[in-house]
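With compact mmCIF, C-alpha atoms and all ligand atoms inside, this is target-v1.txt:
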# COMPACT_ATOMS: atom_id res chain seq x y z
CA GLN T 8 7.46 68.76 -13.10
CA GLU T 9 9.27 66.64 -10.44
CA ARG T 10 8.82 69.40 -7.82
CA LEU T 11 5.13 69.65 -8.71
CA PHE T 12 4.83 65.88 -8.43
CA LEU T 13 6.37 65.87 -4.92
CA THR T 14 4.04 68.59 -3.62
CA HIS T 15 1.13 66.20 -4.20
CA GLN T 16 2.75 63.07 -2.80
CA ALA T 17 3.36 63.73 0.93
CA ARG T 18 1.69 60.56 2.25
CA SER T 19 3.28 58.39 -0.47
CA ARG T 20 6.61 59.86 0.61
CA GLU T 21 5.98 58.93 4.26
CA LEU T 22 4.98 55.38 3.32
CA TYR T 23 7.98 55.04 1.04
CA GLN T 24 10.38 56.14 3.82
CA ARG T 25 8.75 53.59 6.14
CA ALA T 26 8.71 50.85 3.50
CA LEU T 27 12.46 51.17 3.00
CA TYR T 28 12.91 49.42 6.38
CA SER T 29 10.78 46.36 5.56
CA LEU T 30 10.27 46.07 1.77
CA ALA T 31 13.49 45.68 -0.19
CA GLY T 32 13.91 48.98 -2.03
CA GLY T 33 10.59 50.21 -0.62
CA VAL T 34 8.52 48.36 -3.25
CA THR T 35 7.12 44.86 -3.90
CA SER T 36 8.56 44.45 -7.43
CA SER T 37 11.62 46.27 -8.79
CA TRP T 38 9.56 47.81 -11.61
CA GLN T 39 7.34 49.65 -9.12
CA ILE T 40 10.08 52.20 -8.52
CA THR T 41 8.87 55.38 -10.21
CA ARG T 42 10.94 58.57 -10.30
CA PRO T 43 11.21 60.68 -8.16
CA GLN T 44 9.48 58.24 -5.78
CA PRO T 45 6.98 55.36 -5.81
CA ILE T 46 3.28 56.20 -5.61
CA PHE T 47 1.19 54.19 -3.14
CA ILE T 48 -2.29 53.45 -4.48
CA GLU T 49 -5.28 53.12 -2.20
CA LYS T 50 -8.06 52.04 -4.54
CA GLY T 51 -9.31 51.82 -8.08
CA HIS T 52 -12.72 52.09 -9.65
CA GLY T 53 -13.65 51.99 -13.34
CA SER T 54 -10.95 53.80 -15.29
CA LYS T 55 -9.55 55.64 -12.26
CA ILE T 56 -7.13 54.99 -9.42
CA ILE T 57 -6.74 57.04 -6.26
CA ASP T 58 -3.46 57.29 -4.37
CA VAL T 59 -2.94 57.55 -0.60
CA ASP T 60 -2.79 61.37 -0.89
CA GLY T 61 -6.28 61.40 -2.41
CA ASN T 62 -5.07 62.23 -5.95
CA GLU T 63 -7.24 60.70 -8.64
CA TYR T 64 -5.71 59.55 -11.91
CA VAL T 65 -7.06 58.16 -15.15
CA ASP T 66 -5.24 54.82 -15.16
CA LEU T 67 -3.59 54.17 -18.51
CA HIS T 68 -0.82 52.13 -16.87
CA GLY T 69 -3.35 49.34 -16.47
CA GLY T 70 -1.13 47.26 -14.18
CA TYR T 71 1.32 46.57 -17.02
CA GLY T 72 -1.53 45.70 -19.33
CA ALA T 73 -3.44 43.34 -17.03
CA GLY T 74 -6.16 45.96 -16.64
CA VAL T 75 -8.22 45.56 -19.82
CA ALA T 76 -11.31 45.15 -17.59
CA GLY T 77 -10.52 48.37 -15.68
CA HIS T 78 -10.90 48.42 -11.90
CA ALA T 79 -13.59 46.71 -9.83
CA HIS T 80 -15.59 45.79 -12.93
CA PRO T 81 -19.06 44.75 -11.66
CA ALA T 82 -18.89 41.34 -13.42
CA ILE T 83 -15.53 40.54 -11.84
CA VAL T 84 -16.56 41.83 -8.41
CA THR T 85 -19.70 39.67 -8.42
CA ALA T 86 -17.79 36.55 -9.49
CA VAL T 87 -15.02 37.03 -6.95
CA GLN T 88 -17.41 37.88 -4.11
CA ARG T 89 -19.41 34.75 -4.80
CA GLN T 90 -16.31 32.55 -4.84
CA VAL T 91 -14.56 34.14 -1.87
CA THR T 92 -17.42 33.17 0.41
CA ALA T 93 -17.47 29.63 -1.07
CA GLY T 94 -13.78 28.95 -0.39
CA THR T 95 -10.70 29.92 -2.36
CA HIS T 96 -8.45 26.89 -2.48
CA PHE T 97 -9.05 23.17 -2.82
CA ALA T 98 -6.20 22.10 -5.14
CA GLN T 99 -8.79 20.28 -7.25
CA PRO T 100 -10.30 21.35 -10.58
CA SER T 101 -13.53 23.33 -10.83
CA GLU T 102 -16.22 23.71 -13.47
CA ASP T 103 -15.10 27.31 -14.02
CA ALA T 104 -11.68 25.99 -15.08
CA ILE T 105 -13.32 23.93 -17.83
CA ILE T 106 -15.35 26.93 -19.00
CA VAL T 107 -12.26 29.14 -19.08
CA ALA T 108 -10.32 26.49 -21.03
CA GLU T 109 -13.19 26.04 -23.50
CA ASN T 110 -13.42 29.78 -24.02
CA LEU T 111 -9.66 30.16 -24.57
CA ALA T 112 -9.67 27.15 -26.92
CA GLU T 113 -12.30 28.88 -29.03
CA ARG T 114 -10.43 32.20 -29.08
CA PHE T 115 -6.92 30.89 -29.67
CA GLY T 116 -7.71 27.80 -31.75
CA LEU T 117 -5.78 25.43 -29.48
CA PRO T 118 -7.62 22.58 -27.76
CA LEU T 119 -5.87 21.78 -24.47
CA TRP T 120 -5.06 24.12 -21.57
CA ARG T 121 -3.39 24.28 -18.18
CA PHE T 122 -3.25 27.22 -15.76
CA THR T 123 -0.40 28.90 -13.87
CA ASN T 124 -0.12 31.87 -11.52
CA SER T 125 1.85 34.29 -13.69
CA GLY T 126 3.17 34.93 -17.15
CA THR T 127 6.63 33.86 -16.00
CA GLU T 128 5.31 30.44 -14.97
CA ALA T 129 3.42 30.09 -18.24
CA THR T 130 6.49 30.71 -20.40
CA MET T 131 8.67 28.58 -18.09
CA ASP T 132 6.29 25.65 -18.54
CA ALA T 133 6.11 26.27 -22.29
CA VAL T 134 9.91 26.20 -22.58
CA HIS T 135 10.11 23.01 -20.49
CA LEU T 136 7.34 21.47 -22.53
CA MET T 137 8.93 22.23 -25.90
CA ARG T 138 12.14 20.64 -24.64
CA ALA T 139 10.25 17.64 -23.23
CA ALA T 140 8.23 17.16 -26.42
CA THR T 141 11.20 17.32 -28.79
CA GLY T 142 13.94 15.82 -26.63
CA ARG T 143 16.11 18.81 -27.66
CA GLU T 144 17.72 21.37 -25.35
CA LEU T 145 18.44 24.51 -27.39
CA ILE T 146 15.80 27.21 -27.68
CA ILE T 147 15.66 30.41 -29.72
CA LYS T 148 14.41 33.73 -28.38
CA ILE T 149 14.16 37.11 -30.03
CA GLU T 150 16.40 40.01 -29.03
CA GLY T 151 14.34 42.53 -27.05
CA CYS T 152 11.50 40.14 -26.15
CA TYR T 153 10.63 39.72 -22.46
CA HIS T 154 9.09 36.46 -21.30
CA GLY T 155 9.29 36.80 -17.52
CA HIS T 156 12.12 36.20 -15.11
CA HIS T 157 13.08 32.52 -15.38
CA ASP T 158 16.61 31.65 -16.46
CA SER T 159 16.08 30.33 -20.00
CA VAL T 160 14.51 33.56 -21.26
CA GLN T 161 16.52 36.07 -19.23
CA VAL T 162 18.76 36.53 -22.23
CA SER T 163 19.01 39.60 -24.51
CA VAL T 164 15.90 41.18 -23.02
CA ALA T 165 17.08 44.80 -23.09
CA PRO T 166 20.80 44.73 -23.90
CA ASP T 167 22.80 47.94 -24.42
CA GLU T 168 23.97 48.96 -27.85
CA ALA T 169 27.55 48.05 -26.93
CA ASP T 170 26.60 44.44 -26.11
CA VAL T 171 24.32 43.35 -28.93
CA GLY T 172 26.88 42.15 -31.51
CA ALA T 173 26.15 41.77 -35.22
CA ILE T 174 22.54 42.09 -36.38
CA ASP T 175 22.70 38.79 -38.29
CA ASP T 176 24.31 37.03 -35.30
CA PRO T 177 23.22 38.73 -32.05
CA THR T 178 25.30 38.07 -28.94
CA PRO T 179 23.28 36.41 -26.14
CA VAL T 180 23.45 38.81 -23.18
CA PRO T 181 22.26 37.78 -19.66
CA ALA T 182 19.48 40.13 -18.56
CA SER T 183 20.78 40.40 -15.00
CA ALA T 184 23.24 38.97 -12.51
CA GLY T 185 22.34 35.52 -11.23
CA ILE T 186 21.61 33.86 -14.58
CA PRO T 187 24.09 30.97 -15.02
CA SER T 188 25.93 30.72 -18.33
CA ALA T 189 25.23 26.96 -18.36
CA ILE T 190 21.58 27.88 -18.91
CA THR T 191 21.98 30.94 -21.10
CA ASP T 192 24.31 28.97 -23.41
CA LEU T 193 21.21 26.97 -24.34
CA THR T 194 19.35 30.10 -25.49
CA LEU T 195 20.17 31.33 -28.99
CA VAL T 196 19.17 34.83 -30.03
CA ALA T 197 17.58 35.97 -33.29
CA THR T 198 16.35 39.28 -34.75
CA PHE T 199 12.63 40.13 -34.98
CA ASN T 200 11.11 40.32 -38.46
CA SER T 201 14.05 38.40 -39.93
CA LEU T 202 13.32 34.85 -41.07
CA GLY T 203 16.93 34.68 -42.23
CA SER T 204 18.26 35.00 -38.69
CA ILE T 205 16.12 32.05 -37.52
CA GLU T 206 17.07 29.98 -40.54
CA ALA T 207 20.78 30.58 -39.92
CA ILE T 208 20.44 29.31 -36.33
CA LEU T 209 18.40 26.27 -37.35
CA GLU T 210 20.99 25.35 -39.97
CA ARG T 211 23.94 25.90 -37.65
CA HIS T 212 22.33 23.69 -34.97
CA GLN T 213 20.62 21.04 -37.15
CA GLY T 214 18.33 18.76 -35.14
CA LYS T 215 19.15 20.41 -31.80
CA VAL T 216 16.63 23.27 -31.50
CA ALA T 217 13.50 22.50 -29.46
CA GLY T 218 11.78 25.63 -30.70
CA LEU T 219 11.32 29.38 -30.69
CA ILE T 220 9.57 31.46 -28.05
CA ILE T 221 8.46 34.84 -29.35
CA GLU T 222 6.14 37.73 -28.57
CA PRO T 223 4.28 37.69 -31.92
CA ILE T 224 3.71 41.41 -31.42
CA MET T 225 6.70 42.75 -29.50
CA MET T 226 5.39 44.67 -26.51
CA ASN T 227 8.39 45.10 -24.27
CA ALA T 228 10.17 47.35 -26.74
CA GLY T 229 7.35 49.79 -27.41
CA ILE T 230 5.11 48.04 -29.92
CA ILE T 231 6.74 46.29 -32.87
CA LYS T 232 4.37 44.52 -35.22
CA PRO T 233 5.24 41.45 -37.27
CA GLU T 234 5.63 42.22 -40.95
CA PRO T 235 3.27 40.51 -43.41
CA GLY T 236 4.14 36.84 -43.75
CA TYR T 237 6.67 36.80 -40.89
CA LEU T 238 4.68 34.70 -38.38
CA LYS T 239 3.47 32.29 -41.08
CA GLY T 240 7.05 32.03 -42.37
CA LEU T 241 8.28 31.20 -38.85
CA LYS T 242 5.80 28.41 -38.49
CA GLU T 243 6.80 26.81 -41.79
CA LEU T 244 10.52 27.24 -41.19
CA LEU T 245 10.43 25.76 -37.68
CA ALA T 246 8.19 22.87 -38.75
CA ARG T 247 10.67 22.01 -41.51
CA HIS T 248 13.35 21.59 -38.82
CA GLY T 249 11.13 19.66 -36.38
CA SER T 250 11.18 22.65 -34.01
CA LEU T 251 8.18 24.13 -32.20
CA LEU T 252 6.67 27.61 -32.19
CA VAL T 253 5.55 29.22 -28.92
CA PHE T 254 3.66 32.51 -28.93
CA ASP T 255 4.06 34.45 -25.72
CA GLU T 256 0.79 36.38 -25.70
CA VAL T 257 0.99 37.27 -22.01
CA LYS T 258 0.74 40.93 -23.01
CA SER T 259 -0.86 40.83 -26.44
CA GLY T 260 -3.44 38.14 -25.44
CA LEU T 261 -6.75 39.85 -24.80
CA ALA T 262 -5.21 43.33 -25.20
CA ALA T 263 -4.36 43.18 -28.92
CA GLY T 264 -7.77 41.69 -29.68
CA PRO T 265 -10.22 39.04 -28.50
CA GLY T 266 -8.03 36.18 -29.75
CA GLY T 267 -4.63 37.87 -29.59
CA ALA T 268 -2.10 37.72 -32.40
CA VAL T 269 -3.21 34.18 -33.21
CA ARG T 270 -6.52 35.50 -34.48
CA LEU T 271 -5.24 38.84 -35.82
CA TYR T 272 -2.60 37.22 -38.02
CA GLY T 273 -4.23 33.82 -38.55
CA VAL T 274 -1.20 31.80 -37.45
CA ARG T 275 -1.66 29.02 -34.92
CA PRO T 276 1.48 28.16 -32.93
CA ASP T 277 2.16 24.85 -31.15
CA LEU T 278 1.78 26.55 -27.76
CA VAL T 279 0.44 29.89 -26.61
CA CYS T 280 1.15 31.53 -23.23
CA LEU T 281 -1.34 33.90 -21.63
CA ALA T 282 -1.59 35.81 -18.33
CA LYS T 283 -2.29 39.44 -17.32
CA ALA T 284 -5.67 40.49 -18.80
CA ILE T 285 -7.26 37.02 -18.88
CA GLY T 286 -7.64 37.18 -15.07
CA GLY T 287 -9.72 40.38 -15.13
CA GLY T 288 -7.34 41.77 -12.48
CA LEU T 289 -6.75 38.53 -10.61
CA ILE T 290 -3.73 36.28 -10.69
CA VAL T 291 -3.65 33.79 -13.54
CA GLY T 292 -1.53 32.47 -16.37
CA ALA T 293 -2.32 29.82 -18.97
CA VAL T 294 -0.63 27.59 -21.51
CA GLY T 295 -2.67 26.25 -24.41
CA GLY T 296 -1.47 23.82 -27.00
CA SER T 297 -2.09 21.32 -29.74
CA SER T 298 -3.21 17.83 -28.76
CA GLU T 299 0.16 16.53 -29.82
CA ILE T 300 2.28 18.82 -27.62
CA MET T 301 -0.13 18.96 -24.65
CA GLY T 302 -0.22 15.17 -25.04
CA ARG T 303 3.19 15.21 -23.31
CA VAL T 304 1.41 16.67 -20.27
CA VAL T 305 -1.46 14.20 -20.60
CA ASP T 306 0.91 11.19 -20.68
CA GLY T 307 3.05 12.55 -17.83
CA THR T 308 6.23 13.11 -19.88
CA TYR T 309 6.12 16.65 -18.52
CA GLU T 310 4.44 17.17 -15.17
CA MET T 311 2.89 20.62 -15.13
CA VAL T 312 2.13 21.41 -11.51
CA GLY T 313 1.49 24.18 -8.98
CA THR T 314 -0.33 24.40 -5.65
CA PHE T 315 -2.53 27.29 -6.77
CA ASN T 316 -2.85 26.38 -10.46
CA GLY T 317 -6.44 26.90 -11.59
CA ASN T 318 -7.47 28.10 -8.12
CA PRO T 319 -11.21 28.79 -7.88
CA LEU T 320 -10.86 32.51 -7.23
CA SER T 321 -8.77 33.18 -10.34
CA MET T 322 -10.94 30.84 -12.42
CA ALA T 323 -14.13 32.62 -11.32
CA ALA T 324 -12.60 35.99 -12.24
CA SER T 325 -11.27 34.67 -15.52
CA ARG T 326 -14.63 33.16 -16.45
CA ALA T 327 -16.34 36.52 -15.81
CA MET T 328 -13.63 38.29 -17.82
CA LEU T 329 -14.05 36.00 -20.82
CA GLU T 330 -17.84 35.65 -20.75
CA GLU T 331 -18.90 39.15 -19.71
CA VAL T 332 -16.07 41.64 -20.25
CA ALA T 333 -13.89 40.62 -23.21
CA ILE T 334 -16.89 40.59 -25.56
CA PRO T 335 -17.33 42.20 -29.00
CA GLU T 336 -19.15 45.35 -27.68
CA SER T 337 -16.26 46.02 -25.27
CA TYR T 338 -13.72 45.75 -28.06
CA SER T 339 -15.71 48.12 -30.29
CA TRP T 340 -15.77 50.69 -27.48
CA LEU T 341 -12.15 50.32 -26.54
CA GLU T 342 -11.00 50.47 -30.17
CA ALA T 343 -13.09 53.60 -30.80
CA LEU T 344 -11.35 55.30 -27.86
CA GLN T 345 -7.97 54.10 -29.06
CA SER T 346 -8.42 55.35 -32.61
CA ARG T 347 -9.47 58.76 -31.26
CA ALA T 348 -6.37 58.90 -29.01
CA VAL T 349 -4.08 57.86 -31.86
CA ARG T 350 -5.62 60.35 -34.31
CA GLU T 351 -5.51 63.32 -31.94
CA ILE T 352 -2.02 62.61 -30.62
CA SER T 353 -0.73 62.12 -34.18
CA ASP T 354 -2.27 65.52 -35.12
CA ILE T 355 -0.42 67.19 -32.21
CA ILE T 356 2.85 65.53 -33.25
CA ALA T 357 2.33 66.82 -36.81
CA LYS T 358 1.37 70.33 -35.62
CA HIS T 359 4.63 70.66 -33.65
CA ALA T 360 6.66 68.76 -36.26
CA LEU T 361 8.01 66.42 -33.56
CA PRO T 362 10.20 63.54 -34.82
CA ALA T 363 7.78 60.97 -33.39
CA HIS T 364 4.93 58.65 -34.34
CA VAL T 365 2.20 56.69 -32.60
CA VAL T 366 1.92 52.89 -32.75
CA SER T 367 -1.15 51.07 -31.50
CA ILE T 368 -2.89 47.74 -31.58
CA GLY T 369 -6.15 46.97 -29.79
CA ALA T 370 -5.98 48.39 -26.26
CA LYS T 371 -2.24 49.14 -26.41
CA GLY T 372 -0.49 52.22 -27.72
CA CYS T 373 2.73 54.20 -27.42
CA VAL T 374 4.46 57.28 -28.77
CA SER T 375 7.79 56.45 -30.33
CA PHE T 376 10.32 59.28 -30.55
CA SER T 377 11.62 58.22 -33.91
CA PRO T 378 10.61 59.54 -37.32
CA ASN T 379 11.22 56.06 -38.77
CA PRO T 380 9.25 52.81 -38.42
CA VAL T 381 10.70 50.39 -35.88
CA ARG T 382 11.17 46.81 -37.22
CA ASN T 383 13.27 45.20 -34.52
CA TYR T 384 15.20 45.77 -31.30
CA ARG T 385 18.13 47.44 -33.12
CA ASP T 386 15.74 50.12 -34.44
CA PHE T 387 14.19 50.38 -30.97
CA LEU T 388 17.63 51.16 -29.48
CA LYS T 389 17.78 54.24 -31.74
CA ILE T 390 14.52 55.71 -30.40
CA ASP T 391 15.12 58.93 -28.47
CA ASP T 392 14.27 58.34 -24.79
CA ARG T 393 15.10 61.84 -23.52
CA PHE T 394 11.52 63.10 -23.34
CA ASN T 395 9.64 60.10 -21.97
CA HIS T 396 10.16 60.96 -18.30
CA LEU T 397 8.93 64.50 -18.92
CA HIS T 398 5.89 63.05 -20.71
CA TRP T 399 5.20 60.68 -17.81
CA LEU T 400 5.45 63.51 -15.26
CA THR T 401 3.33 65.90 -17.34
CA GLN T 402 0.61 63.25 -17.64
CA LEU T 403 0.81 62.43 -13.93
CA ASN T 404 0.62 66.05 -12.81
CA GLY T 405 -2.29 66.42 -15.24
CA GLY T 406 -4.14 63.46 -13.70
CA VAL T 407 -3.19 60.56 -15.97
CA PHE T 408 -1.13 57.61 -14.79
CA LEU T 409 1.01 56.02 -17.51
CA PRO T 410 3.59 53.23 -17.18
CA PRO T 411 6.83 54.87 -16.05
CA TRP T 412 9.30 52.91 -18.15
CA GLY T 413 10.04 55.33 -20.95
CA LYS T 414 10.03 53.94 -24.44
CA THR T 415 9.61 50.26 -23.48
CA GLU T 416 6.04 50.22 -22.13
CA GLN T 417 2.63 51.07 -23.61
CA TRP T 418 -0.59 52.59 -22.38
CA THR T 419 -3.57 50.25 -21.97
CA ILE T 420 -7.12 51.44 -22.57
CA SER T 421 -9.68 49.46 -20.60
CA VAL T 422 -13.31 48.71 -21.38
CA GLN T 423 -14.23 51.22 -18.65
CA HIS T 424 -12.37 54.25 -20.02
CA THR T 425 -14.47 57.15 -21.25
CA ASP T 426 -14.26 59.88 -23.86
CA ASP T 427 -13.43 62.35 -21.07
CA ASP T 428 -10.46 60.18 -20.03
CA ILE T 429 -9.10 60.31 -23.57
CA SER T 430 -9.65 64.10 -23.73
CA LEU T 431 -7.55 64.55 -20.58
CA PHE T 432 -4.83 62.29 -21.96
CA VAL T 433 -4.72 64.20 -25.25
CA ASP T 434 -4.77 67.62 -23.51
CA ASN T 435 -1.82 66.62 -21.33
CA PHE T 436 0.01 65.37 -24.42
CA SER T 437 -0.58 68.73 -26.04
CA CYS T 438 1.00 70.53 -23.03
CA PHE T 439 3.96 68.17 -23.19
CA ALA T 440 4.37 68.63 -26.96
CA THR T 441 4.28 72.42 -26.61
CA THR T 442 7.11 72.23 -24.05
CA VAL T 443 9.20 69.83 -26.14
CA ALA T 444 8.74 71.93 -29.30
CA ARG T 445 10.31 74.87 -27.42
CA ILE T 446 13.39 72.84 -26.37
N1 LIG T 501 5.72 37.61 -21.12
C1 LIG T 501 5.47 38.86 -21.52
C2 LIG T 501 5.35 39.15 -22.99
C3 LIG T 501 5.33 39.89 -20.59
O1 LIG T 501 5.12 41.14 -21.02
C4 LIG T 501 5.42 39.58 -19.22
C5 LIG T 501 5.25 40.64 -18.15
N2 LIG T 501 5.42 41.95 -18.54
C6 LIG T 501 5.68 38.26 -18.84
C7 LIG T 501 5.82 37.29 -19.83
C8 LIG T 501 5.81 37.88 -17.40
O2 LIG T 501 4.58 37.90 -16.78
P1 LIG T 501 4.48 38.00 -15.19
O3 LIG T 501 4.97 39.36 -14.81
O4 LIG T 501 3.03 37.76 -14.91
O5 LIG T 501 5.34 36.92 -14.63
Please express what this file holds, its structure, as structure tokens.
Amino acid sequence: QERLFLTHQARSRELYQRALYSLAGGVTSSWQITRPQPIFIEKGHGSKIIDVDGNEYVDLHGGYGAGVAGHAHPAIVTAVQRQVTAGTHFAQPSEDAIIVAENLAERFGLPLWRFTNSGTEATMDAVHLMRAATGRELIIKIEGCYHGHHDSVQVSVAPDEADVGAIDDPTPVPASAGIPSAITDLTLVATFNSLGSIEAILERHQGKVAGLIIEPIMMNAGIIKPEPGYLKGLKELLARHGSLLVFDEVKSGLAAGPGGAVRLYGVRPDLVCLAKAIGGGLIVGAVGGSSEIMGRVVDGTYEMVGTFNGNPLSMAASRAMLEEVAIPESYSWLEALQSRAVREISDIIAKHALPAHVVSIGAKGCVSFSPNPVRNYRDFLKIDDRFNHLHWLTQLNGGVFLPPWGKTEQWTISVQHTDDDISLFVDNFSCFATTVARI
């Protein structure tokens, strides 16, 4: 499959060789390195992308889940075109920003909003804000959750089995070099779907924990859903200790459903972080919160700033996304496609008796090479990752572009995908399953 891949990627290869002399590692973000080489994309339209060699792919990578609108959606194109000719940066608020905030307030049940330029900035501000609002320094994060690349949350993101420590007392592990221990010492680590592990930390550090930041649906370790009562239990437990609850819905946000996990599970946190899909393909992040916590921004206790925050181009795109794309009809369509994909892929898994299962929520889905349900990061570590690269290559050579990162990432179905796109995806999966069943 790798040889087949390379025969179709001559121009990407040339660009990659050239890029190695000017772009560090030949790419613009370390997670753009696909094996055996990066693919340079020329354009995207609807559900498809076309690379520099002229190969067309059904895009189920979706730009790491930002692509719920699909590519060049007419509503987004119109909004951006209009704004680009009217100026793109004034460092002053716009009416679109109010409309976006009002729309998000309605969806996520939190009244006050500010904008950022990425998910990383959103969670960084949320962590600062929970510390500013409580006057406490310690935070809790969940083992296996990813919240972007700022210091406080670069702890126990994807630690190896040898490093994780006891399940009831996980060892905090820096996610990469360059994260100072003085910062990571302030981040305590708990296990997903275990209220006991949070309670133990809160009791051990009475009165010192600002709060918990969590992906309410874990989406950087495949897809791990919260068990019934878990999110509600977290809220009550944290409130009892005067600690705050932050939902990082950068990924789940508009992808899990129109009002993210907040709406799906009916639990309203103190703060919610959004990014990716809310920009309709443009660059935006957001933090929404209760009047009480956002009051610390209002009164200047925490200054939440950024040159491009709420820039008119991103706000115009986001307004179009929320008003014209992320609407009930789109979700019905996207969920119909998803349930077909899940049903047909599950049938193929059963037919070949593969030790795997499919997990999905809203636009997101993944195949997990484990016969057992996955409740937390420890279970995720046990998932077999041997076949994911073969699956990725088989899909790519068959005209479907999936995220390359094995068992950690999901596919994203956009509002512009079609039944034919799902048929191709399922057919490629069938080829892959036939090969794996023979191994
Ligand atoms: N939080 C979550 C849950 C994410 O999945 C990501 C990105 N994958 C981030 C935060 C960081 O977002 P960004 O890449 O826009 O900084």
Exercise. Find the residues near ligand LIG 501 (chain T). Use a cut-off of 9 Å, count all atoms listed in the file, and write them as a ChimeraX atom specification.
Key: /T:71-73,124-130,152-157,221-222,224-227,255-259,280-283,290-292
For the contact check between stretch 193-254 of chain T and stretch 135-141 of chain T, emit one row per residue of stretch 193-254 of chain T within 9 Å, containing the shortest atom pair and the distance in Å rounded to one decimal, counting only C-alpha atoms, chain then rising number order, as JSON lines.
{"residue": "T:Val216", "atom": "CA", "partner": "T:Thr141", "partner_atom": "CA", "distance": 8.5}
{"residue": "T:Ala217", "atom": "CA", "partner": "T:Arg138", "partner_atom": "CA", "distance": 5.3}
{"residue": "T:Gly218", "atom": "CA", "partner": "T:Met137", "partner_atom": "CA", "distance": 6.5}
{"residue": "T:Leu219", "atom": "CA", "partner": "T:Met137", "partner_atom": "CA", "distance": 8.9}
{"residue": "T:Gly249", "atom": "CA", "partner": "T:Thr141", "partner_atom": "CA", "distance": 7.9}
{"residue": "T:Ser250", "atom": "CA", "partner": "T:Thr141", "partner_atom": "CA", "distance": 7.5}
{"residue": "T:Leu251", "atom": "CA", "partner": "T:Met137", "partner_atom": "CA", "distance": 6.6}
{"residue": "T:Leu252", "atom": "CA", "partner": "T:Met137", "partner_atom": "CA", "distance": 8.6}
{"residue": "T:Val253", "atom": "CA", "partner": "T:Met137", "partner_atom": "CA", "distance": 8.3}
Report the closest atom pair, with its distance in Å rounded to one decimal, for each residue of stretch 96-177 of chain T that has an atom no farther than 6 Å from stretch 304-322 of chain T; count only C-alpha atoms, sort by chain and then rising residue number, and write it as JSON lines.
{"residue": "T:His96", "atom": "CA", "partner": "T:Asn318", "partner_atom": "CA", "distance": 5.9}
{"residue": "T:Asp103", "atom": "CA", "partner": "T:Met322", "partner_atom": "CA", "distance": 5.7}
{"residue": "T:Ala104", "atom": "CA", "partner": "T:Met322", "partner_atom": "CA", "distance": 5.6}
{"residue": "T:Phe122", "atom": "CA", "partner": "T:Gly317", "partner_atom": "CA", "distance": 5.3}
{"residue": "T:Thr123", "atom": "CA", "partner": "T:Asn316", "partner_atom": "CA", "distance": 4.9}
Around stretch 197-202 of chain T, fit a box with edges along x, y and z, padding it by 8 Å on each side, then list its centre and edge lengths in Å to one decimal as AutoDock Vina command-line options.
--center_x 14.3 --center_y 37.6 --center_z -37.2 --size_x 22.5 --size_y 21.5 --size_z 23.8
Self-check item: Contacts of T:Ile48 within 9 Å, all atoms listed in the file, excl. fewer than 5 positions in-chain, as a list in words
Solution: Ser19, Ile56, Ile57, Asp58, Val59 and Asp60 of chain T
Tell me, as a PDB file with C-alpha atoms, keeping the file's coordinate frame, which residues lie within 12 Å of T:Val180, counting all atoms listed in the file; anything in the same chain fewer than 5 positions away does not count.
ATOM      1  CA  LYS T 148      14.410  33.730 -28.380  1.00  0.00           C
ATOM      2  CA  ILE T 149      14.160  37.110 -30.030  1.00  0.00           C
ATOM      3  CA  GLU T 150      16.400  40.010 -29.030  1.00  0.00           C
ATOM      4  CA  GLY T 151      14.340  42.530 -27.050  1.00  0.00           C
ATOM      5  CA  ASP T 158      16.610  31.650 -16.460  1.00  0.00           C
ATOM      6  CA  SER T 159      16.080  30.330 -20.000  1.00  0.00           C
ATOM      7  CA  VAL T 160      14.510  33.560 -21.260  1.00  0.00           C
ATOM      8  CA  GLN T 161      16.520  36.070 -19.230  1.00  0.00           C
ATOM      9  CA  VAL T 162      18.760  36.530 -22.230  1.00  0.00           C
ATOM     10  CA  SER T 163      19.010  39.600 -24.510  1.00  0.00           C
ATOM     11  CA  VAL T 164      15.900  41.180 -23.020  1.00  0.00           C
ATOM     12  CA  ALA T 165      17.080  44.800 -23.090  1.00  0.00           C
ATOM     13  CA  PRO T 166      20.800  44.730 -23.900  1.00  0.00           C
ATOM     14  CA  ASP T 167      22.800  47.940 -24.420  1.00  0.00           C
ATOM     15  CA  GLU T 168      23.970  48.960 -27.850  1.00  0.00           C
ATOM     16  CA  ALA T 169      27.550  48.050 -26.930  1.00  0.00           C
ATOM     17  CA  ASP T 170      26.600  44.440 -26.110  1.00  0.00           C
ATOM     18  CA  VAL T 171      24.320  43.350 -28.930  1.00  0.00           C
ATOM     19  CA  GLY T 172      26.880  42.150 -31.510  1.00  0.00           C
ATOM     20  CA  ILE T 186      21.610  33.860 -14.580  1.00  0.00           C
ATOM     21  CA  PRO T 187      24.090  30.970 -15.020  1.00  0.00           C
ATOM     22  CA  SER T 188      25.930  30.720 -18.330  1.00  0.00           C
ATOM     23  CA  ILE T 190      21.580  27.880 -18.910  1.00  0.00           C
ATOM     24  CA  THR T 191      21.980  30.940 -21.100  1.00  0.00           C
ATOM     25  CA  ASP T 192      24.310  28.970 -23.410  1.00  0.00           C
ATOM     26  CA  THR T 194      19.350  30.100 -25.490  1.00  0.00           C
ATOM     27  CA  LEU T 195      20.170  31.330 -28.990  1.00  0.00           C
ATOM     28  CA  VAL T 196      19.170  34.830 -30.030  1.00  0.00           C
TER      29      VAL T 196
END
Exercise. Kindly give the distance, in Å, that separates atom CA of T:Leu271 and atom CA of T:Gly236, rounded to a single decimal.
Key: 12.4 Å
Exercise. Determine the nearest neighbour of T:Gly372 from the options T:Arg42, T:Arg114, T:Lys232, T:Arg445, counting all atoms listed in the file.
Key: T:Lys232
